[in-house]
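Source file: upload-v4.txt; contents: compact mmCIF, C-alpha atoms.
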# COMPACT_ATOMS: atom_id res chain seq x y z
CA MET U 1 -11.22 59.56 -8.23
CA ARG U 2 -14.65 58.60 -6.97
CA ALA U 3 -15.00 58.73 -3.18
CA ARG U 4 -15.16 55.45 -1.33
CA SER U 5 -18.41 55.31 0.59
CA VAL U 6 -18.35 54.31 4.25
CA VAL U 7 -21.51 53.54 6.22
CA VAL U 8 -21.12 53.60 10.00
CA VAL U 9 -23.88 51.84 11.93
CA LEU U 10 -25.16 53.66 15.01
CA TYR U 11 -27.42 52.28 17.75
CA ASP U 12 -28.26 53.05 21.37
CA GLY U 13 -25.35 52.14 23.63
CA VAL U 14 -22.71 52.43 20.88
CA GLN U 15 -19.18 53.23 22.06
CA SER U 16 -18.52 56.77 20.83
CA LEU U 17 -14.77 56.26 20.31
CA ASP U 18 -15.48 53.20 18.17
CA VAL U 19 -17.34 55.61 15.90
CA THR U 20 -15.26 58.78 16.03
CA GLY U 21 -11.83 57.13 15.92
CA PRO U 22 -12.23 55.50 12.49
CA VAL U 23 -14.31 58.44 11.20
CA GLU U 24 -11.46 60.86 12.04
CA VAL U 25 -9.04 58.62 10.15
CA PHE U 26 -11.27 58.51 7.07
CA ALA U 27 -11.89 62.27 7.30
CA GLY U 28 -8.14 62.91 7.31
CA ALA U 29 -7.63 60.99 4.08
CA GLY U 30 -8.68 63.97 1.94
CA ALA U 31 -5.80 66.16 3.09
CA ALA U 32 -3.37 63.25 3.20
CA THR U 33 -4.07 62.18 -0.40
CA GLY U 34 -4.79 65.56 -1.94
CA GLN U 35 -8.22 64.19 -2.85
CA PRO U 36 -10.92 66.06 -0.90
CA GLY U 37 -13.64 63.65 0.08
CA ALA U 38 -11.51 60.55 -0.48
CA TYR U 39 -14.06 58.83 1.73
CA GLU U 40 -17.73 59.72 1.90
CA VAL U 41 -18.80 58.80 5.43
CA THR U 42 -22.47 58.33 6.34
CA THR U 43 -23.64 57.53 9.85
CA ALA U 44 -26.96 55.71 10.01
CA SER U 45 -29.22 54.44 12.77
CA PRO U 46 -32.49 52.51 12.91
CA GLY U 47 -35.17 54.98 11.91
CA GLY U 48 -32.56 57.72 11.51
CA LEU U 49 -33.12 58.58 15.18
CA PRO U 50 -30.50 60.12 17.49
CA VAL U 51 -28.72 57.53 19.61
CA ARG U 52 -27.26 57.76 23.10
CA SER U 53 -23.72 56.39 23.31
CA SER U 54 -22.51 54.21 26.18
CA SER U 55 -20.90 57.29 27.74
CA GLY U 56 -24.10 59.34 27.46
CA LEU U 57 -23.03 61.33 24.40
CA LEU U 58 -25.92 62.00 22.00
CA LEU U 59 -25.07 61.19 18.36
CA LEU U 60 -27.15 62.53 15.48
CA PRO U 61 -27.00 60.21 12.44
CA ASP U 62 -26.99 61.31 8.81
CA ALA U 63 -29.55 58.78 7.65
CA ASP U 64 -32.02 56.02 8.37
CA LEU U 65 -30.22 52.67 8.26
CA ALA U 66 -33.11 51.30 6.19
CA ASP U 67 -32.51 53.87 3.46
CA VAL U 68 -28.74 53.81 2.95
CA GLY U 69 -27.51 52.32 -0.30
CA PRO U 70 -24.60 49.99 -1.04
CA ALA U 71 -21.34 51.04 0.62
CA HIS U 72 -17.74 50.34 -0.23
CA THR U 73 -17.03 49.82 3.50
CA LEU U 74 -19.59 48.90 6.16
CA LEU U 75 -18.34 49.70 9.66
CA VAL U 76 -20.03 48.29 12.77
CA PRO U 77 -18.77 49.78 16.05
CA GLY U 78 -19.08 48.12 19.42
CA GLY U 79 -21.26 49.14 22.30
CA VAL U 80 -22.85 48.26 25.61
CA PRO U 81 -25.05 46.35 25.55
CA PHE U 82 -24.19 44.64 22.32
CA GLU U 83 -27.21 42.37 22.18
CA ASP U 84 -29.76 42.41 19.34
CA PRO U 85 -32.68 40.37 20.72
CA ALA U 86 -35.04 41.01 17.81
CA GLY U 87 -32.34 40.47 15.22
CA ALA U 88 -33.51 43.50 13.24
CA LEU U 89 -30.18 45.32 13.43
CA ALA U 90 -28.19 42.20 12.56
CA GLY U 91 -30.57 41.51 9.68
CA ARG U 92 -30.00 44.95 8.17
CA ILE U 93 -26.25 44.60 8.67
CA ARG U 94 -26.41 41.29 6.80
CA GLU U 95 -28.24 42.94 3.90
CA LEU U 96 -25.77 45.84 3.67
CA ALA U 97 -22.77 43.53 4.02
CA GLY U 98 -23.93 41.52 1.01
CA ARG U 99 -23.41 44.60 -1.16
CA ALA U 100 -20.27 45.99 0.51
CA GLU U 101 -16.74 45.46 -0.73
CA ARG U 102 -15.53 45.05 2.84
CA VAL U 103 -17.10 44.78 6.27
CA VAL U 104 -15.39 46.06 9.40
CA SER U 105 -16.17 45.82 13.11
CA VAL U 106 -14.63 47.58 16.08
CA CYS U 107 -14.55 45.99 19.52
CA THR U 108 -17.84 44.22 20.37
CA GLY U 109 -19.25 45.11 16.96
CA ALA U 110 -17.97 41.61 16.17
CA PHE U 111 -20.99 40.23 18.06
CA LEU U 112 -23.33 41.96 15.62
CA LEU U 113 -21.34 40.62 12.66
CA ALA U 114 -21.52 37.13 14.15
CA GLU U 115 -25.25 37.53 14.82
CA ALA U 116 -25.63 38.44 11.16
CA GLY U 117 -23.79 35.24 10.15
CA LEU U 118 -20.89 37.18 8.66
CA LEU U 119 -18.20 35.55 10.80
CA SER U 120 -19.27 31.95 10.32
CA GLY U 121 -16.22 29.88 9.43
CA ARG U 122 -13.98 32.92 9.74
CA ARG U 123 -11.19 33.99 12.06
CA ALA U 124 -12.03 37.07 14.12
CA THR U 125 -11.16 39.05 17.21
CA THR U 126 -12.81 41.49 19.62
CA HIS U 127 -11.93 43.22 22.87
CA TRP U 128 -9.89 40.75 24.95
CA ALA U 129 -12.44 40.87 27.78
CA PHE U 130 -15.19 39.51 25.50
CA CYS U 131 -13.28 36.99 23.36
CA GLU U 132 -14.32 34.01 25.48
CA GLN U 133 -17.95 35.09 25.34
CA LEU U 134 -17.82 35.54 21.56
CA ALA U 135 -16.32 32.07 21.13
CA ARG U 136 -18.91 30.51 23.44
CA ARG U 137 -21.90 32.16 21.76
CA PHE U 138 -20.69 31.56 18.22
CA PRO U 139 -18.72 28.29 18.12
CA ASP U 140 -18.49 28.45 14.32
CA VAL U 141 -16.23 31.50 14.65
CA THR U 142 -12.49 31.04 15.25
CA VAL U 143 -11.84 33.69 17.88
CA ASP U 144 -8.23 34.85 18.30
CA PRO U 145 -7.89 36.92 21.50
CA ASP U 146 -4.38 38.22 20.81
CA PRO U 147 -4.23 40.43 17.69
CA ILE U 148 -5.46 44.02 17.61
CA HIS U 149 -7.15 43.35 14.29
CA VAL U 150 -7.79 40.38 12.03
CA ARG U 151 -8.62 40.27 8.31
CA ASP U 152 -10.35 37.21 6.87
CA GLY U 153 -11.43 37.71 3.27
CA ASN U 154 -13.38 40.94 3.00
CA VAL U 155 -14.28 40.95 6.71
CA ALA U 156 -12.05 42.66 9.28
CA THR U 157 -12.57 42.69 13.05
CA SER U 158 -10.63 44.65 15.64
CA ALA U 159 -10.06 44.78 19.36
CA GLY U 160 -11.13 47.47 21.79
CA VAL U 161 -11.54 51.18 21.07
CA THR U 162 -8.16 52.47 19.80
CA ALA U 163 -7.66 49.29 17.76
CA GLY U 164 -10.40 50.68 15.51
CA ILE U 165 -8.03 53.53 14.64
CA ASP U 166 -5.27 51.03 13.84
CA LEU U 167 -7.61 49.11 11.56
CA ALA U 168 -8.86 52.27 9.84
CA LEU U 169 -5.25 53.33 9.20
CA ALA U 170 -4.57 49.89 7.72
CA LEU U 171 -7.56 50.33 5.40
CA VAL U 172 -6.35 53.79 4.30
CA GLU U 173 -2.91 52.30 3.63
CA GLU U 174 -4.57 49.58 1.55
CA ASP U 175 -6.59 52.15 -0.43
CA PHE U 176 -4.14 55.03 -0.81
CA GLY U 177 -0.71 53.84 0.25
CA ARG U 178 1.53 54.07 3.27
CA ASP U 179 2.39 57.76 2.98
CA ALA U 180 -1.26 58.79 3.25
CA ALA U 181 -1.79 56.63 6.33
CA LEU U 182 1.40 57.97 7.90
CA LEU U 183 0.30 61.59 7.43
CA ILE U 184 -3.06 60.86 9.06
CA ALA U 185 -1.39 59.04 11.96
CA ARG U 186 0.97 61.97 12.55
CA HIS U 187 -1.93 64.41 12.50
CA LEU U 188 -3.83 62.30 15.05
CA VAL U 189 -0.62 61.77 17.06
CA VAL U 190 -0.94 58.00 17.01
CA PHE U 191 1.49 55.28 16.01
CA LEU U 192 1.56 54.09 12.42
CA ARG U 193 0.82 51.46 12.58
CA ARG U 194 0.59 48.72 15.10
CA PRO U 195 0.68 45.50 13.10
CA GLY U 196 -2.59 43.63 13.11
CA ASN U 197 -1.02 40.68 14.87
CA GLN U 198 0.48 42.81 17.63
CA ALA U 199 -0.79 41.72 21.01
CA GLN U 200 -3.78 43.64 22.39
CA PHE U 201 -1.72 44.61 25.40
CA SER U 202 1.95 44.54 26.32
CA THR U 203 3.68 42.15 28.68
CA GLN U 204 3.60 44.80 31.40
CA LEU U 205 -0.12 45.47 30.90
CA ALA U 206 -1.02 41.81 30.56
CA ALA U 207 0.69 40.99 33.84
CA GLN U 208 -0.43 42.21 37.22
CA VAL U 209 1.48 44.88 39.10
CA ALA U 210 3.02 43.39 42.22
CA ALA U 211 1.60 44.50 45.53
CA ARG U 212 4.96 44.82 47.27
CA GLN U 213 7.22 47.75 46.42
CA PRO U 214 10.42 45.66 46.02
CA LEU U 215 8.72 43.46 43.43
CA ARG U 216 7.28 46.48 41.61
CA GLU U 217 10.81 47.90 41.45
CA VAL U 218 12.01 44.62 39.96
CA GLN U 219 9.30 44.83 37.29
CA ARG U 220 10.42 48.37 36.44
CA TRP U 221 14.08 47.28 36.36
CA ILE U 222 13.30 44.42 33.97
CA ALA U 223 11.48 46.77 31.57
CA GLU U 224 14.30 49.34 31.63
CA HIS U 225 17.20 46.86 31.45
CA PRO U 226 16.30 43.90 29.22
CA GLU U 227 20.01 43.46 28.45
CA ALA U 228 20.94 42.88 32.11
CA ASP U 229 21.34 39.64 34.02
CA LEU U 230 17.68 38.88 34.73
CA SER U 231 18.10 35.46 36.24
CA VAL U 232 16.01 34.59 39.28
CA GLU U 233 19.15 34.83 41.43
CA ALA U 234 20.02 38.33 40.18
CA LEU U 235 16.45 39.59 40.52
CA ALA U 236 16.12 38.04 43.97
CA ARG U 237 19.19 40.00 45.10
CA ARG U 238 17.58 43.24 43.88
CA SER U 239 14.47 42.52 45.96
CA ALA U 240 16.46 41.35 49.00
CA LEU U 241 14.74 37.97 48.98
CA SER U 242 16.04 34.44 48.64
CA PRO U 243 15.70 33.06 45.08
CA ARG U 244 13.07 30.56 46.16
CA HIS U 245 11.03 33.14 48.08
CA PHE U 246 11.37 35.67 45.25
CA ALA U 247 10.21 33.24 42.54
CA ARG U 248 7.21 32.19 44.61
CA ALA U 249 6.23 35.76 45.56
CA PHE U 250 6.70 37.11 42.02
CA ALA U 251 4.53 34.40 40.49
CA ALA U 252 1.84 34.91 43.13
CA GLU U 253 1.70 38.70 42.79
CA VAL U 254 2.43 39.18 39.06
CA GLY U 255 0.59 36.12 37.76
CA VAL U 256 3.46 34.63 35.77
CA SER U 257 6.86 33.21 36.65
CA PRO U 258 9.88 35.55 36.57
CA GLY U 259 11.32 33.70 33.58
CA ARG U 260 8.16 34.01 31.53
CA TYR U 261 7.82 37.69 32.41
CA VAL U 262 11.42 38.37 31.35
CA ASP U 263 10.91 36.46 28.09
CA GLY U 264 7.87 38.61 27.27
CA VAL U 265 9.60 41.90 28.05
CA ARG U 266 12.65 40.97 25.96
CA LEU U 267 10.55 39.87 23.02
CA GLU U 268 8.53 43.08 23.19
CA ALA U 269 11.70 45.21 23.32
CA ALA U 270 13.18 43.38 20.34
CA ARG U 271 9.98 43.76 18.32
CA ARG U 272 9.96 47.51 18.97
CA LEU U 273 13.56 47.88 17.81
CA LEU U 274 12.94 45.79 14.68
CA GLU U 275 9.88 47.89 13.82
CA ASP U 276 11.27 51.33 14.62
CA THR U 277 15.05 51.37 14.10
CA ASP U 278 17.77 50.40 11.62
CA ASP U 279 19.75 48.55 14.30
CA GLY U 280 21.23 45.27 13.13
CA ILE U 281 19.93 41.90 14.31
CA GLU U 282 23.08 41.20 16.31
CA GLU U 283 22.95 44.59 18.04
CA ILE U 284 19.27 44.14 18.90
CA ALA U 285 19.86 40.64 20.23
CA ARG U 286 22.60 41.98 22.50
CA SER U 287 20.66 45.04 23.68
CA CYS U 288 17.60 42.92 24.51
CA GLY U 289 19.48 40.34 26.53
CA TYR U 290 19.43 37.45 24.07
CA GLY U 291 23.19 37.25 23.85
CA THR U 292 23.26 35.82 20.35
CA PRO U 293 21.17 36.33 17.20
CA GLU U 294 20.41 32.61 17.22
CA ALA U 295 18.88 32.81 20.70
CA MET U 296 16.68 35.70 19.56
CA ARG U 297 15.74 33.85 16.38
CA ARG U 298 14.58 30.84 18.42
CA ALA U 299 12.48 33.09 20.68
CA PHE U 300 10.82 34.79 17.68
CA VAL U 301 10.07 31.55 15.87
CA ARG U 302 8.66 30.00 19.05
CA SER U 303 6.41 32.96 19.90
CA LEU U 304 5.68 34.63 16.56
CA ALA U 305 6.31 31.87 14.00
CA ALA U 306 8.68 34.19 12.13
CA PRO U 307 12.45 34.87 12.47
CA PRO U 308 13.52 38.46 13.28
CA ALA U 309 14.46 39.40 9.71
CA GLU U 310 11.09 38.25 8.40
CA TYR U 311 9.28 40.02 11.23
CA ARG U 312 11.08 43.27 10.37
CA ARG U 313 10.26 42.91 6.68
CA ARG U 314 6.57 42.47 7.38
CA PHE U 315 6.07 44.96 10.20
CA ARG U 316 8.63 47.70 9.79
CA SER U 317 6.89 50.88 10.96
CA ALA U 318 8.58 53.24 8.54
CA PRO U 319 11.93 53.83 6.83
CA THR U 320 14.24 55.40 9.37
CA GLY U 321 17.51 57.17 9.36
CA GLY U 322 18.69 55.60 12.59
CA HIS U 323 17.05 55.77 16.01
Could you write out this structure as structure tokens?
Amino acid sequence: MRARSVVVVLYDGVQSLDVTGPVEVFAGAGAATGQPGAYEVTTASPGGLPVRSSSGLLLLPDADLADVGPAHTLLVPGGVPFEDPAGALAGRIRELAGRAERVVSVCTGAFLLAEAGLLSGRRATTHWAFCEQLARRFPDVTVDPDPIHVRDGNVATSAGVTAGIDLALALVEEDFGRDAALLIARHLVVFLRRPGNQAQFSTQLAAQVAARQPLREVQRWIAEHPEADLSVEALARRSALSPRHFARAFAAEVGVSPGRYVDGVRLEAARRLLEDTDDGIEEIARSCGYGTPEAMRRAFVRSLAAPPAEYRRRFRSAPTGGH
């Protein structure tokens, strides 16, 4: 089988992990598929000159960006800064994209795709910290800040750094099947695979960590015991505060109300069990504190627009033999 060509765009200030993460995934496809050179990866920079990454790492490209030919996959990593005042880089990206079967960006590489006009009228994402800026600068792009990667036609965009690995694994799965992507993920010791619509960060990461120790302990308790009584009254007792004082302090220090925080943790726990285990819907609902399958179904439909069974069908991580 003919190798799929991948051109990775390099430039001064590029984020090195945005480059090396996907490249390692593509490099692992040969062993995973039994087809050496399943992907032919070429790194290219303006003028073919070495570039200094945002962390100071010096990267030596394979080719001059002006000389590379049509690629099956064009990959544009993010970087700092991610501006292209002269438009020369975006212009070359636009030319190469016109002859590529698919175009991919990692992190703030989405800004270069947007500058090149490749995201106009499309849905896209980038690192959560820059989503608002992307939407403001390019109002013709529908920016979704939540997913770790988004596919719209032949253009795929992803969130920050490690999300580029998730997207590359999804592309390998598309090209060579799930088993190949799973082997690569195991070799890299990463999860296969976080669904594209999985949130960029978990409930615990999205929320603030409380300043006071009793409230931090409550946060830990919620995460470890989603099946418990997590009412404001019960949590207030654990923190030795009155319910009213607890609710006010928790919201002030964590950034969300106790009820909303609990809802997020329970939903996240249920999603993990649906993706990674064979546990039944009723068992998962009980172990995650929903009480009944119907209560869990309502929570999933409200937050994810899909009932639990449909969510499992779409995003099951891998066939399992139990836990």
Inset, instruction - Write out as an NGL selection string the residues lying within 12 Å of Val7 in chain U, counting all atoms listed in the file and excluding same-chain residues fewer than 6 positions away. - result: :U and (19 or 22-23 or 26 or 39-45 or 61-77 or 93 or 96-97 or 99-105)
Quick one: contact table of range 273-302 of chain U to range 219-229 of chain U, 9 Å max, nearest atom pair and distance in Å to one decimal per residue, counting all atoms listed in the file, chain and number order, as a tab-separated table?
residue	atom	partner	partner_atom	distance
U:Ala285	CA	U:Glu227	CA	8.7
U:Arg286	CA	U:Glu227	CA	6.7
U:Ser287	CA	U:Glu227	CA	5.1
U:Cys288	CA	U:Glu227	CA	4.7
U:Gly289	CA	U:Glu227	CA	3.7
U:Tyr290	CA	U:Glu227	CA	7.5
U:Gly291	CA	U:Glu227	CA	8.4
Legend entry - Separation of CA of Gln15 in chain U from CA of Ser54 in chain U, in Å and rounded to one decimal: 5.4 Å
Legend entry - For Gly34 in chain U, the nearest of the candidates U:Leu267, U:Ala306, U:Leu183, U:Leu215, counting only C-alpha atoms: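 For Gly34 in chain U, the nearest of the given residues is U:Leu183.
For the residues U:Gly21, U:Pro139, U:Gly259, U:Pro243, ranking by smallest atom-to-atom distance to Leu167 in chain U using all atoms listed in the file places U:Gly21 first.
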Legend entry - Distance criterion (all atoms listed in the file): nearest to Arg271 in chain U out of U:Gln35, U:Ser303, U:Ser120, U:Ser257: U:Ser303
Inset, instruction - Would you work out the distance separating CA of Asp166 in chain U from CA of Val141 in chain U, expressed in Å to one decimal? - result: 22.4 Å
Legend entry - Exercise: Ile281 in chain U partners within 12 Å, all atoms listed in the file, chain neighbours under 3 positions left out, as a list in words: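 Listed by chain and then number, they are Ala270, Arg271, Leu273, Leu274, Glu275, Thr277, Asp278, Ile284, Ala285, Arg286, Ser287, Cys288, Tyr290, Gly291, Thr292, Pro293, Glu294, Ala295, Met296, Arg297, Pro307, Pro308, Ala309, Glu310, Tyr311 and Arg312 of chain U.
Comparing U:Leu118, U:Leu58, U:Ala129, U:Leu171 by their smallest distance to Val6 in chain U, the closest is U:Leu171 (using all atoms listed in the file).
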Inset, instruction - Please determine the residues with any atom at most 6 Å from (-8.9, 39.9, 14.2) (coordinates as given in the file, with all atoms listed in the file counting) and report them as a PyMOL selection string. - result: chain U and resi 124-125+147+149-151+157-158
Inset, instruction - Just the residues within 12 Å of Leu17 in chain U, please, counting only C-alpha atoms, with nothing from its chain fewer than 4 positions along; format it as a PyMOL selection string. - result: chain U and resi 10+13+21-25+53-55+57+59+77-79+106-107+160-165
Inset, instruction - Could you tell me how far CA of Gly87 in chain U lies from CA of Pro46 in chain U, in Å and to one decimal? - result: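 Taking CA of Gly87 in chain U as the start and CA of Pro46 in chain U as the end point, the length is 12.3 Å.
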